[in-house]
>>> print(open('structure.tsv').read())   # TSV, C-alpha atoms
chain	number	residue	atom	x	y	z
A	1	MET	CA	4.56	-33.11	41.07
A	2	GLN	CA	5.00	-33.61	37.35
A	3	LYS	CA	6.72	-30.70	35.61
A	4	ALA	CA	4.57	-28.85	33.07
A	5	ASP	CA	5.42	-29.55	29.44
A	6	LYS	CA	6.77	-26.29	27.99
A	7	GLY	CA	7.54	-27.88	24.64
A	8	LYS	CA	9.24	-25.29	22.45
A	9	ARG	CA	7.89	-22.26	24.28
A	10	MET	CA	10.29	-19.35	24.76
A	11	SER	CA	10.00	-15.78	25.90
A	12	LEU	CA	10.08	-13.06	23.27
A	13	ALA	CA	13.60	-12.09	24.30
A	14	GLU	CA	14.84	-15.71	24.21
A	15	ALA	CA	13.40	-16.32	20.74
A	16	ALA	CA	14.83	-13.05	19.40
A	17	GLY	CA	18.20	-14.31	20.60
A	18	LEU	CA	18.02	-17.00	17.89
A	19	VAL	CA	18.45	-14.26	15.28
A	20	ARG	CA	22.06	-13.23	14.81
A	21	ASP	CA	23.57	-10.10	13.31
A	22	GLY	CA	23.76	-10.46	9.53
A	23	ASP	CA	21.05	-13.14	9.29
A	24	CYS	CA	18.64	-13.39	6.38
A	25	VAL	CA	15.20	-13.01	8.00
A	26	ALA	CA	11.88	-13.74	6.29
A	27	LEU	CA	8.93	-11.86	7.80
A	28	GLY	CA	5.45	-13.35	7.58
A	29	GLY	CA	2.22	-11.55	6.86
A	30	ASN	CA	1.52	-9.08	4.08
A	31	VAL	CA	1.68	-5.26	4.17
A	32	LEU	CA	-0.36	-4.29	7.28
A	33	HIS	CA	-1.80	-7.73	7.96
A	34	ARG	CA	-0.46	-10.30	10.46
A	35	ALA	CA	3.08	-8.92	10.46
A	36	PRO	CA	5.15	-10.29	13.40
A	37	MET	CA	5.47	-6.88	15.02
A	38	ALA	CA	6.20	-7.96	18.60
A	39	MET	CA	9.27	-9.86	17.41
A	40	VAL	CA	10.25	-7.04	15.04
A	41	ARG	CA	10.27	-4.60	17.94
A	42	GLU	CA	12.24	-7.03	20.13
A	43	LEU	CA	14.91	-7.39	17.44
A	44	ALA	CA	15.14	-3.60	17.36
A	45	ARG	CA	15.44	-3.45	21.17
A	46	GLN	CA	18.23	-6.04	21.06
A	47	LYS	CA	19.97	-3.86	18.43
A	48	ARG	CA	20.41	-6.49	15.74
A	49	LYS	CA	22.60	-5.25	12.89
A	50	GLY	CA	23.11	-6.09	9.24
A	51	LEU	CA	19.88	-8.05	8.72
A	52	ARG	CA	18.76	-9.03	5.25
A	53	LEU	CA	14.96	-8.92	5.20
A	54	VAL	CA	12.79	-10.97	2.82
A	55	LYS	CA	9.11	-10.35	2.15
A	56	THR	CA	6.89	-10.08	-0.90
A	57	ALA	CA	5.04	-6.97	0.37
A	58	GLY	CA	6.37	-5.26	3.49
A	59	ALA	CA	5.34	-2.13	5.34
A	60	HIS	CA	5.47	-1.28	9.06
A	61	ASP	CA	7.74	-4.23	9.93
A	62	ILE	CA	10.49	-3.27	7.50
A	63	ASP	CA	10.02	0.42	8.27
A	64	VAL	CA	10.55	-0.14	12.02
A	65	LEU	CA	13.70	-2.20	11.52
A	66	CYS	CA	15.14	0.37	9.09
A	67	ALA	CA	14.33	3.20	11.52
A	68	ALA	CA	16.17	1.29	14.27
A	69	GLY	CA	19.27	0.76	12.11
A	70	CYS	CA	18.96	-3.03	12.01
A	71	VAL	CA	18.92	-3.58	8.24
A	72	ALA	CA	21.58	-3.98	5.54
A	73	GLU	CA	19.50	-5.38	2.64
A	74	VAL	CA	15.87	-5.91	1.68
A	75	ASP	CA	14.55	-8.40	-0.90
A	76	ALA	CA	10.94	-7.43	-1.61
A	77	GLY	CA	8.52	-6.82	-4.42
A	78	PHE	CA	6.92	-3.91	-2.55
A	79	VAL	CA	7.65	-1.90	0.59
A	80	SER	CA	5.08	0.75	1.45
A	81	TYR	CA	2.08	1.35	3.64
A	82	GLU	CA	-1.38	0.95	2.19
A	83	THR	CA	-3.09	3.85	0.43
A	84	ALA	CA	-4.26	5.76	3.49
A	85	PHE	CA	-0.73	6.03	4.93
A	86	GLY	CA	1.58	6.52	1.97
A	87	LEU	CA	5.23	5.53	1.70
A	88	ALA	CA	7.46	3.75	4.21
A	89	MET	CA	9.66	6.79	4.77
A	90	HIS	CA	12.24	5.27	7.15
A	91	TYR	CA	12.87	2.52	4.59
A	92	ARG	CA	12.98	5.02	1.76
A	93	ARG	CA	15.47	7.29	3.52
A	94	ALA	CA	17.68	4.31	4.38
A	95	VAL	CA	17.77	3.21	0.74
A	96	GLU	CA	18.29	6.72	-0.65
A	97	SER	CA	21.19	7.34	1.75
A	98	GLY	CA	22.86	4.05	0.85
A	99	VAL	CA	22.53	2.57	4.35
A	100	VAL	CA	20.21	-0.17	3.05
A	101	LYS	CA	20.54	-2.00	-0.26
A	102	ALA	CA	17.20	-2.66	-1.95
A	103	ASN	CA	17.25	-5.81	-4.07
A	104	GLU	CA	14.35	-5.07	-6.40
A	105	HIS	CA	11.93	-7.91	-7.14
A	106	ALA	CA	8.47	-8.56	-8.38
A	107	CYS	CA	6.44	-10.22	-5.63
A	108	TYR	CA	6.33	-13.44	-7.61
A	109	THR	CA	10.13	-13.56	-8.00
A	110	VAL	CA	10.48	-13.49	-4.19
A	111	ILE	CA	8.00	-16.38	-4.09
A	112	ALA	CA	9.97	-18.24	-6.78
A	113	ALA	CA	13.25	-17.72	-4.88
A	114	LEU	CA	11.65	-19.13	-1.71
A	115	ARG	CA	10.18	-22.04	-3.67
A	116	ALA	CA	13.66	-22.87	-4.92
A	117	ALA	CA	14.93	-22.88	-1.33
A	118	ALA	CA	12.05	-25.07	-0.17
A	119	ALA	CA	12.79	-27.54	-2.95
A	120	GLY	CA	16.52	-27.57	-2.29
A	121	ALA	CA	17.17	-26.16	-5.77
A	122	PRO	CA	19.78	-23.47	-6.51
A	123	PHE	CA	17.40	-21.42	-8.65
A	124	MET	CA	13.89	-21.29	-10.08
A	125	PRO	CA	12.68	-20.25	-13.57
A	126	VAL	CA	10.73	-16.98	-13.71
A	127	VAL	CA	9.57	-17.12	-17.30
A	128	GLY	CA	7.35	-14.06	-17.02
A	129	LEU	CA	10.38	-11.86	-16.39
A	130	LYS	CA	11.41	-11.48	-20.01
A	131	ALA	CA	12.10	-7.74	-20.14
A	132	GLY	CA	12.73	-4.79	-17.90
A	133	ASP	CA	15.45	-3.44	-15.65
A	134	LEU	CA	15.03	-6.05	-12.91
A	135	LEU	CA	17.14	-8.45	-14.95
A	136	LYS	CA	19.92	-5.84	-15.07
A	137	GLU	CA	19.72	-4.39	-11.56
A	138	ASN	CA	19.36	-7.44	-9.30
A	139	ASP	CA	22.28	-9.86	-9.16
A	140	TYR	CA	19.88	-12.64	-8.12
A	141	PHE	CA	18.51	-12.78	-11.69
A	142	THR	CA	20.19	-14.19	-14.75
A	143	VAL	CA	19.27	-15.84	-18.05
A	144	ILE	CA	20.35	-19.37	-18.90
A	145	PRO	CA	19.95	-21.59	-21.98
A	146	ASP	CA	17.06	-24.03	-21.93
A	147	PRO	CA	18.86	-27.39	-21.43
A	148	PHE	CA	16.19	-29.06	-23.59
A	149	GLY	CA	16.63	-26.64	-26.46
A	150	GLY	CA	14.59	-23.61	-27.42
A	151	CYS	CA	14.88	-20.09	-26.03
A	152	HIS	CA	16.79	-18.79	-23.03
A	153	VAL	CA	15.05	-18.78	-19.64
A	154	PRO	CA	15.23	-16.10	-16.90
A	155	VAL	CA	15.91	-17.58	-13.46
A	156	VAL	CA	16.11	-16.28	-9.88
A	157	LYS	CA	18.63	-17.54	-7.34
A	158	ALA	CA	17.22	-19.33	-4.29
A	159	ILE	CA	16.76	-17.23	-1.15
A	160	VAL	CA	17.33	-19.39	1.93
A	161	PRO	CA	16.32	-17.45	5.06
A	162	ASP	CA	18.34	-18.18	8.16
A	163	VAL	CA	15.17	-17.46	10.15
A	164	ALA	CA	11.49	-17.11	9.29
A	165	ILE	CA	9.36	-15.21	11.82
A	166	ILE	CA	5.64	-15.88	11.50
A	167	HIS	CA	2.74	-14.61	13.59
A	168	VAL	CA	-0.29	-16.91	13.82
A	169	GLN	CA	-3.60	-17.05	15.65
A	170	GLU	CA	-3.01	-20.44	17.30
A	171	ALA	CA	-0.06	-22.68	18.08
A	172	ASP	CA	0.60	-25.48	20.53
A	173	ALA	CA	3.63	-25.96	22.75
A	174	ASP	CA	5.07	-28.43	20.23
A	175	GLY	CA	5.22	-25.71	17.58
A	176	ASN	CA	2.28	-26.80	15.43
A	177	ALA	CA	0.73	-23.59	14.11
A	178	VAL	CA	-2.62	-22.65	12.58
A	179	ILE	CA	-3.15	-19.58	10.39
A	180	LEU	CA	-6.73	-18.35	10.15
A	181	GLY	CA	-7.61	-16.33	7.08
A	182	PRO	CA	-5.13	-15.56	4.30
A	183	LYS	CA	-1.84	-17.42	4.66
A	184	TYR	CA	0.17	-15.20	2.29
A	185	GLU	CA	3.71	-16.65	1.85
A	186	ASP	CA	4.02	-17.80	5.47
A	187	VAL	CA	3.71	-21.54	4.82
A	188	LEU	CA	6.27	-21.30	2.03
A	189	MET	CA	8.66	-19.36	4.27
A	190	SER	CA	8.42	-22.08	6.91
A	191	ARG	CA	9.56	-24.64	4.34
A	192	ALA	CA	12.36	-22.49	2.93
A	193	ALA	CA	14.01	-21.27	6.16
A	194	LYS	CA	16.65	-22.96	8.25
A	195	THR	CA	14.96	-21.89	11.51
A	196	VAL	CA	11.31	-20.98	12.19
A	197	ILE	CA	10.06	-18.80	15.05
A	198	VAL	CA	6.30	-18.69	15.61
A	199	THR	CA	4.60	-15.99	17.66
A	200	ALA	CA	0.98	-16.72	18.50
A	201	GLU	CA	-2.11	-15.01	19.84
A	202	ARG	CA	-2.90	-18.21	21.74
A	203	VAL	CA	-0.57	-21.03	22.76
A	204	LEU	CA	-2.33	-24.32	23.52
A	205	PRO	CA	-1.00	-27.35	25.39
A	206	ALA	CA	1.30	-29.78	23.59
A	207	ARG	CA	-0.43	-32.09	21.11
A	208	ALA	CA	-3.50	-29.81	21.03
A	209	PHE	CA	-4.04	-30.52	17.34
A	210	ARG	CA	-3.75	-34.30	17.64
A	211	THR	CA	-7.43	-34.77	16.77
A	212	ARG	CA	-7.41	-32.25	13.91
A	213	PRO	CA	-4.01	-32.49	12.22
A	214	GLU	CA	-5.50	-31.23	8.96
A	215	ALA	CA	-5.83	-27.77	10.57
A	216	VAL	CA	-2.07	-27.39	11.02
A	217	ASP	CA	-0.36	-25.11	8.49
A	218	ILE	CA	3.15	-25.24	9.95
A	219	PRO	CA	4.09	-28.57	11.56
A	220	GLY	CA	5.95	-28.49	14.84
A	221	PHE	CA	9.00	-30.36	13.58
A	222	LEU	CA	9.88	-27.28	11.48
A	223	VAL	CA	9.59	-24.87	14.41
A	224	ARG	CA	12.42	-23.97	16.79
A	225	ALA	CA	10.53	-21.61	19.13
A	226	VAL	CA	6.94	-20.69	20.03
A	227	VAL	CA	6.23	-17.36	21.74
A	228	HIS	CA	2.93	-16.41	23.36
A	229	ALA	CA	2.36	-12.91	21.92
A	230	PRO	CA	-1.20	-11.61	22.37
A	231	ARG	CA	-1.71	-8.69	19.98
A	232	GLY	CA	1.66	-9.63	18.52
A	233	ALA	CA	0.80	-8.13	15.13
A	234	SER	CA	-0.37	-4.78	16.55
A	235	PRO	CA	-0.59	-2.04	15.31
A	236	CYS	CA	-1.09	-4.12	12.17
A	237	SER	CA	-4.17	-6.33	11.91
A	238	CYS	CA	-4.65	-10.00	12.76
A	239	ASP	CA	-7.54	-11.69	10.99
A	240	ARG	CA	-10.41	-12.65	13.34
A	241	ALA	CA	-8.62	-11.01	16.29
A	242	TYR	CA	-8.26	-7.22	15.77
A	243	PRO	CA	-8.02	-4.60	13.02
A	244	ALA	CA	-5.08	-2.35	12.26
A	245	ASP	CA	-4.70	0.73	14.45
A	246	PRO	CA	-4.56	3.71	12.06
A	247	LYS	CA	-3.77	6.28	14.77
A	248	ALA	CA	-0.77	4.30	16.02
A	249	LEU	CA	0.50	3.72	12.47
A	250	GLU	CA	0.17	7.38	11.55
A	251	ARG	CA	1.89	8.46	14.75
A	252	PHE	CA	4.81	6.15	13.99
A	253	ARG	CA	5.13	7.54	10.48
A	254	GLN	CA	5.65	11.02	11.92
A	255	LEU	CA	8.54	9.91	14.17
A	256	LYS	CA	12.09	11.05	13.69
A	257	ALA	CA	14.85	8.45	13.86
A	258	GLU	CA	16.02	9.67	17.27
A	259	GLU	CA	12.54	8.99	18.70
A	260	ILE	CA	12.49	5.28	17.85
A	261	GLY	CA	13.86	4.27	21.24
A	262	ALA	CA	10.90	5.87	22.99
A	263	TYR	CA	8.51	4.14	20.59
A	264	LEU	CA	10.03	0.74	21.37
A	265	ALA	CA	9.88	1.42	25.09
A	266	GLU	CA	6.16	2.26	24.86
A	267	TYR	CA	5.47	-1.21	23.48
A	268	GLU	CA	7.89	-3.12	25.70
A	269	ARG	CA	5.47	-4.06	28.49
A	270	THR	CA	2.80	-5.33	26.09
A	271	ASP	CA	5.27	-7.19	23.85
A	272	ARG	CA	6.77	-8.99	26.83
A	273	GLY	CA	3.50	-10.17	28.28
A	274	ALA	CA	1.61	-7.37	30.06
A	275	ARG	CA	-2.13	-7.26	29.43
A	276	THR	CA	-2.49	-3.46	29.58
A	277	PHE	CA	-1.68	-1.28	26.64
A	278	GLY	CA	0.46	1.84	26.47
A	279	GLY	CA	-0.27	4.98	24.53
A	280	TRP	CA	0.88	3.49	21.24
A	281	ASN	CA	-1.82	0.81	21.28
A	282	ARG	CA	-4.84	2.91	22.17
>>> encode(input="structure.tsv", output="structure tokens")
Amino acid sequence: MQKADKGKRMSLAEAAGLVRDGDCVALGGNVLHRAPMAMVRELARQKRKGLRLVKTAGAHDIDVLCAAGCVAEVDAGFVSYETAFGLAMHYRRAVESGVVKANEHACYTVIAALRAAAAGAPFMPVVGLKAGDLLKENDYFTVIPDPFGGCHVPVVKAIVPDVAIIHVQEADADGNAVILGPKYEDVLMSRAAKTVIVTAERVLPARAFRTRPEAVDIPGFLVRAVVHAPRGASPCSCDRAYPADPKALERFRQLKAEEIGAYLAEYERTDRGARTFGGWNR
């Protein structure tokens, strides 16, 4: 009998093993939408330490990893829940206590730093950043002379993620991935990172997109691992699949740091492939 073609498919635990302590990790999605929460929780279960997280606008994903003690630095333009939920308090406490260093950005300077990485350039101009404390407070910004004459130009240093983790609606076993709805910075992250992990609501057979290559947002040759993760963004939303779960998000926000282990255990069966949902997902 011919062996089934697994392509680049891995279990959640195997793919999380590609992330090492101290890695720079870019997280796909935006605020409470299509965040790679199954992988975030698995990194927390595996007790990763010293991560540097990169995202234009983070929320529950960064909050969970800060609550679990996995984070050393965050590069983001914004970290907070949306209006109904308020601030990301685990992140805030970690920054205020000095456990986590917040590298302040505007969202577009994170994008510019990732564009520099994708282009193989050491930095990228950010000409709109002409004033304000960001230039003073973040070591990734500086001002250089225009080599063609004229005024000085603010620039941001490239951010090269060791790993980008992106949740999508569809992928095939070769790693080709399709994002339905807003793509946010996910495509850019896949071009900037050294390694790409894709988690997917549905994993199709290898070469599934052969007849519609134009649908592919992230080509398989960029992807190291594909994980089948139904509801892998929950309790955040996934466009055309499910909405955010406000009760689960609010319950998490009320947790104390010592309760995070129980929270991760509640999700463990669903994250690792079970089709029934624990109390956190109801």
>>> closest_residue(input="structure.tsv", among="A:Val99, A:Leu43, A:Val110, A:Leu32", to="A:Lys55", atoms="all atoms listed in the file")
A:Val110
>>> atom_distance(input="structure.tsv", atom1="atom CA of A:Asp61", atom2="atom CA of A:Gln169")
18.0 Å
>>> atom_distance(input="structure.tsv", atom1="atom CA of A:Pro145", atom2="atom CA of A:Pro125")
11.2 Å
>>> residues_around(input="structure.tsv", residues="A:Arg115", least_positions_apart="5", cutoff="9 Å", atoms="all atoms listed in the file", output="PyMOL selection string")
chain A and resi 110+120-121+123-124+158-159+188-189+191-192
>>> axis_aligned_box(input="structure.tsv", around="stretch 160-175 of chain A", padding_each_side="4 Å", output="AutoDock Vina command-line options")
--center_x 7.4 --center_y -21.5 --center_z 12.3 --size_x 29.9 --size_y 21.8 --size_z 28.8
>>> atom_distance(input="structure.tsv", atom1="atom CA of A:Val155", atom2="atom CA of A:Leu222")
27.4 Å
>>> closest_atom_pairs(input="structure.tsv", of="stretch 145-241 of chain A", to="stretch 261-271 of chain A", cutoff="12 Å", atoms="only C-alpha atoms", output="JSON lines")
{"residue": "A:Thr199", "atom": "CA", "partner": "A:Asp271", "partner_atom": "CA", "distance": 10.8}
{"residue": "A:Ala200", "atom": "CA", "partner": "A:Asp271", "partner_atom": "CA", "distance": 11.7}
{"residue": "A:Glu201", "atom": "CA", "partner": "A:Asp271", "partner_atom": "CA", "distance": 11.5}
{"residue": "A:Val227", "atom": "CA", "partner": "A:Asp271", "partner_atom": "CA", "distance": 10.4}
{"residue": "A:His228", "atom": "CA", "partner": "A:Asp271", "partner_atom": "CA", "distance": 9.5}
{"residue": "A:Ala229", "atom": "CA", "partner": "A:Asp271", "partner_atom": "CA", "distance": 6.7}
{"residue": "A:Pro230", "atom": "CA", "partner": "A:Asp271", "partner_atom": "CA", "distance": 8.0}
{"residue": "A:Arg231", "atom": "CA", "partner": "A:Asp271", "partner_atom": "CA", "distance": 8.1}
{"residue": "A:Gly232", "atom": "CA", "partner": "A:Asp271", "partner_atom": "CA", "distance": 6.9}
{"residue": "A:Ala233", "atom": "CA", "partner": "A:Asp271", "partner_atom": "CA", "distance": 9.8}
{"residue": "A:Ser234", "atom": "CA", "partner": "A:Asp271", "partner_atom": "CA", "distance": 9.5}
{"residue": "A:Pro235", "atom": "CA", "partner": "A:Tyr267", "partner_atom": "CA", "distance": 10.2}
>>> closest_residue(input="structure.tsv", among="A:Pro122, A:Gly58, A:Gly17, A:Gly77", to="A:Asn103", atoms="all atoms listed in the file")
A:Gly77
>>> residues_around(input="structure.tsv", residues="stretch 245-248 of chain A", least_positions_apart="2", cutoff="12 Å", atoms="only C-alpha atoms", output="number ranges by chain")
A: 32-33, 60, 81-85, 231, 233-238, 242-243, 250-255, 263, 266-267, 278-282
>>> residues_around(input="structure.tsv", residues="A:Val163", least_positions_apart="5", cutoff="12 Å", atoms="all atoms listed in the file", output="PyMOL selection string")
chain A and resi 15-28+51-54+189-198+222-225
>>> closest_residue(input="structure.tsv", among="A:Pro147, A:Gly7, A:Gly69, A:Pro154", to="A:Leu135", atoms="all atoms listed in the file")
A:Pro154
>>> residues_around(input="structure.tsv", residues="A:Leu129", least_positions_apart="2", cutoff="10 Å", atoms="only C-alpha atoms", output="JSON list (two decimals) with C-alpha atoms, in the frame of the given file")
[["chain", "number", "residue", "atom", "x", "y", "z"],
["A", 106, "ALA", "CA", 8.47, -8.56, -8.38],
["A", 108, "TYR", "CA", 6.33, -13.44, -7.61],
["A", 109, "THR", "CA", 10.13, -13.56, -8.00],
["A", 125, "PRO", "CA", 12.68, -20.25, -13.57],
["A", 126, "VAL", "CA", 10.73, -16.98, -13.71],
["A", 127, "VAL", "CA", 9.57, -17.12, -17.30],
["A", 131, "ALA", "CA", 12.10, -7.74, -20.14],
["A", 132, "GLY", "CA", 12.73, -4.79, -17.90],
["A", 133, "ASP", "CA", 15.45, -3.44, -15.65],
["A", 134, "LEU", "CA", 15.03, -6.05, -12.91],
["A", 135, "LEU", "CA", 17.14, -8.45, -14.95],
["A", 141, "PHE", "CA", 18.51, -12.78, -11.69],
["A", 143, "VAL", "CA", 19.27, -15.84, -18.05],
["A", 153, "VAL", "CA", 15.05, -18.78, -19.64],
["A", 154, "PRO", "CA", 15.23, -16.10, -16.90],
["A", 155, "VAL", "CA", 15.91, -17.58, -13.46],
["A", 156, "VAL", "CA", 16.11, -16.28, -9.88]]
>>> closest_residue(input="structure.tsv", among="A:Gly98, A:Lys136, A:Ile260, A:Ser11", to="A:Leu65", atoms="all atoms listed in the file")
A:Ile260
>>> closest_residue(input="structure.tsv", among="A:Tyr140, A:Leu249, A:Ala102, A:Ala94", to="A:Ala59", atoms="all atoms listed in the file")
A:Leu249
>>> residues_around(input="structure.tsv", residues="A:Phe221", least_positions_apart="5", cutoff="8 Å", atoms="all atoms listed in the file", output="ChimeraX atom specification")
/A:174-176
>>> closest_residue(input="structure.tsv", among="A:Ala72, A:Ile218, A:Val31, A:Ile144", to="A:Ser97", atoms="all atoms listed in the file")
A:Ala72
